[in-house]
Amino acid sequence: TLVGTFSVATGPRGSDWIDLAADQKTLYYTSEGNNIYRYDTSTSSQLANFNVAALPGSSAFALRILANGNVLVADSSVIVELDSSGNQIKTYGSTLRVGTFFALNIDPNGTSFWTADITGHVYEFDIATGAVLENWSPGANNGSYGLAVAGELTVGGPPQTVPDGGSTLVLLGMGSAGLLALRRKLQA
């Protein structure tokens, strides 16, 4: 049942990737431009952009809010971390040759995140160090892509549990024919 709709400010591509803040009322979202937008759903009002300065990439896509209020955003050529005040504090993947970072999800361990580029390469990064923990490709991509992590952490919802109690299942959907690649990462 539809409970409401919101008319939000947008950039080049309308409202795109969203995440809900821990306050359960502030939506953070991108519009495939250089900003992270915010909207207060309790007052139906647009808030100031989250980022203090324009993001460095050409198009911001997926974003996730970390438990400490920092935000990670897949920003084309890099993943950007902004502190809880919207200042850029770190980038991930700047030395990698990627198509375009597009997807992003927080691992249930809370210490790493998964991202994928539009060519189908999947990466897991350590949040604290920026080290690449995993890097793999499920194969050819014919134009559609997405990434989901079972049990991913979000600050706007209740804690998630992974069914087997300790592994991460990464799903990367690619292709108009519905090609699906599965990768299971067993944590040590």
# chains A, B, ... in the order shown; residues from 1 in each chain; ligands from 1
call {"tool": "residues_around", "arguments": {"residues": "A:Ala60", "least_positions_apart": "5", "cutoff": "10 Å", "atoms": "only C-alpha atoms", "output": "list of chain:residue names"}}
result
A:Asp16, A:Trp17, A:Tyr29, A:Thr30, A:Ser31, A:Glu32, A:Gly33, A:Asn34, A:Asn35, A:Ile36, A:Leu55, A:Val73, A:Ala74, A:Asp75, A:Ser76, A:Ser77, A:Val78, A:Ile79, A:Val80, A:Phe101, A:Phe102
call {"tool": "write_last_selection", "arguments": {"atoms": "N, CA and C atoms", "output": "PDB file, in the first residue's frame"}}
result
ATOM      1  N   ASP A  16      17.712   8.958  -7.631  1.00  0.00           N
ATOM      2  CA  ASP A  16      18.346   7.711  -8.040  1.00  0.00           C
ATOM      3  C   ASP A  16      18.528   6.828  -6.814  1.00  0.00           C
ATOM      4  N   TRP A  17      19.736   6.480  -6.474  1.00  0.00           N
ATOM      5  CA  TRP A  17      20.024   5.609  -5.340  1.00  0.00           C
ATOM      6  C   TRP A  17      19.653   6.315  -4.050  1.00  0.00           C
ATOM      7  N   TYR A  29      20.145  10.710  -1.121  1.00  0.00           N
ATOM      8  CA  TYR A  29      20.000  10.154  -2.462  1.00  0.00           C
ATOM      9  C   TYR A  29      20.918  10.864  -3.450  1.00  0.00           C
ATOM     10  N   THR A  30      21.149  10.200  -4.563  1.00  0.00           N
ATOM     11  CA  THR A  30      21.960  10.773  -5.635  1.00  0.00           C
ATOM     12  C   THR A  30      21.078  10.993  -6.859  1.00  0.00           C
ATOM     13  N   SER A  31      21.657  11.708  -7.826  1.00  0.00           N
ATOM     14  CA  SER A  31      20.943  12.004  -9.067  1.00  0.00           C
ATOM     15  C   SER A  31      21.894  11.894 -10.253  1.00  0.00           C
ATOM     16  N   GLU A  32      22.944  11.064 -10.079  1.00  0.00           N
ATOM     17  CA  GLU A  32      23.960  10.840 -11.109  1.00  0.00           C
ATOM     18  C   GLU A  32      24.672  12.124 -11.508  1.00  0.00           C
ATOM     19  N   GLY A  33      24.861  13.001 -10.521  1.00  0.00           N
ATOM     20  CA  GLY A  33      25.626  14.235 -10.700  1.00  0.00           C
ATOM     21  C   GLY A  33      26.750  14.284  -9.677  1.00  0.00           C
ATOM     22  N   ASN A  34      27.039  15.468  -9.149  1.00  0.00           N
ATOM     23  CA  ASN A  34      28.149  15.651  -8.218  1.00  0.00           C
ATOM     24  C   ASN A  34      27.727  15.922  -6.781  1.00  0.00           C
ATOM     25  N   ASN A  35      26.478  15.595  -6.451  1.00  0.00           N
ATOM     26  CA  ASN A  35      25.978  15.891  -5.107  1.00  0.00           C
ATOM     27  C   ASN A  35      25.265  14.700  -4.490  1.00  0.00           C
ATOM     28  N   ILE A  36      25.220  14.742  -3.156  1.00  0.00           N
ATOM     29  CA  ILE A  36      24.376  13.840  -2.378  1.00  0.00           C
ATOM     30  C   ILE A  36      23.289  14.725  -1.791  1.00  0.00           C
ATOM     31  N   LEU A  55      31.376  16.404  -5.501  1.00  0.00           N
ATOM     32  CA  LEU A  55      32.092  15.127  -5.533  1.00  0.00           C
ATOM     33  C   LEU A  55      33.046  15.116  -6.724  1.00  0.00           C
ATOM     34  N   VAL A  73      29.991   6.645  -1.213  1.00  0.00           N
ATOM     35  CA  VAL A  73      29.256   6.809  -2.471  1.00  0.00           C
ATOM     36  C   VAL A  73      30.117   6.326  -3.630  1.00  0.00           C
ATOM     37  N   ALA A  74      29.522   5.516  -4.502  1.00  0.00           N
ATOM     38  CA  ALA A  74      30.182   5.070  -5.733  1.00  0.00           C
ATOM     39  C   ALA A  74      30.118   6.254  -6.697  1.00  0.00           C
ATOM     40  N   ASP A  75      31.253   6.890  -6.920  1.00  0.00           N
ATOM     41  CA  ASP A  75      31.300   8.144  -7.662  1.00  0.00           C
ATOM     42  C   ASP A  75      32.108   7.994  -8.948  1.00  0.00           C
ATOM     43  N   SER A  76      31.667   7.121  -9.809  1.00  0.00           N
ATOM     44  CA  SER A  76      32.285   6.883 -11.119  1.00  0.00           C
ATOM     45  C   SER A  76      33.683   6.303 -11.007  1.00  0.00           C
ATOM     46  N   SER A  77      34.698   7.147 -10.955  1.00  0.00           N
ATOM     47  CA  SER A  77      36.085   6.677 -10.987  1.00  0.00           C
ATOM     48  C   SER A  77      36.618   6.259  -9.627  1.00  0.00           C
ATOM     49  N   VAL A  78      35.956   6.639  -8.546  1.00  0.00           N
ATOM     50  CA  VAL A  78      36.389   6.288  -7.194  1.00  0.00           C
ATOM     51  C   VAL A  78      35.174   6.067  -6.297  1.00  0.00           C
ATOM     52  N   ILE A  79      35.438   5.448  -5.157  1.00  0.00           N
ATOM     53  CA  ILE A  79      34.463   5.417  -4.074  1.00  0.00           C
ATOM     54  C   ILE A  79      34.907   6.508  -3.112  1.00  0.00           C
ATOM     55  N   VAL A  80      33.987   7.375  -2.717  1.00  0.00           N
ATOM     56  CA  VAL A  80      34.305   8.487  -1.829  1.00  0.00           C
ATOM     57  C   VAL A  80      33.681   8.232  -0.468  1.00  0.00           C
ATOM     58  N   PHE A 101      32.607   2.865 -11.204  1.00  0.00           N
ATOM     59  CA  PHE A 101      32.033   2.329  -9.970  1.00  0.00           C
ATOM     60  C   PHE A 101      30.566   2.714  -9.937  1.00  0.00           C
ATOM     61  N   PHE A 102      29.707   1.730  -9.697  1.00  0.00           N
ATOM     62  CA  PHE A 102      28.271   1.932  -9.814  1.00  0.00           C
ATOM     63  C   PHE A 102      27.509   1.492  -8.559  1.00  0.00           C
TER      64      PHE A 102
END
call {"tool": "residues_around", "arguments": {"residues": "stretch 3-5 of chain A", "least_positions_apart": "4", "cutoff": "12 Å", "atoms": "only C-alpha atoms", "output": "PyMOL selection string"}}
result
chain A and resi 39+41-42+44
call {"tool": "write_last_selection", "arguments": {"atoms": "C-alpha atoms", "output": "short mmCIF file (atom, residue, chain, number, x, y, z; two decimals), in the first residue's frame"}}
result
data_model
loop_
_atom_site.label_atom_id
_atom_site.label_comp_id
_atom_site.auth_asym_id
_atom_site.auth_seq_id
_atom_site.Cartn_x
_atom_site.Cartn_y
_atom_site.Cartn_z
CA TYR A 39 15.15 15.20 2.08
CA THR A 41 10.23 12.89 4.96
CA SER A 42 8.60 13.98 8.25
CA SER A 44 8.24 17.02 3.39
#
call {"tool": "closest_residue", "arguments": {"among": "A:Ser137, A:Thr154, A:Ser84, A:Thr43", "to": "A:Leu104", "atoms": "only C-alpha atoms"}}
result
A:Thr154
call {"tool": "closest_residue", "arguments": {"among": "A:Leu153, A:Val71, A:Ala131, A:Ile89", "to": "A:Asn105", "atoms": "only C-alpha atoms"}}
result
A:Leu153
call {"tool": "atom_distance", "arguments": {"atom1": "atom CA of A:Gly110", "atom2": "atom CA of A:Ser94"}}
result
22.0 Å
call {"tool": "residues_around", "arguments": {"residues": "A:Thr26", "least_positions_apart": "5", "cutoff": "12 Å", "atoms": "only C-alpha atoms", "output": "JSON, numbers by chain"}}
result
{"A": [6, 18, 19, 20, 21, 37, 38, 39, 40, 41, 42, 43, 44, 45, 46, 47, 48, 49, 50, 65, 155, 156]}
call {"tool": "atom_distance", "arguments": {"atom1": "atom CA of A:Leu66", "atom2": "atom CA of A:Ala53"}}
result
19.6 Å
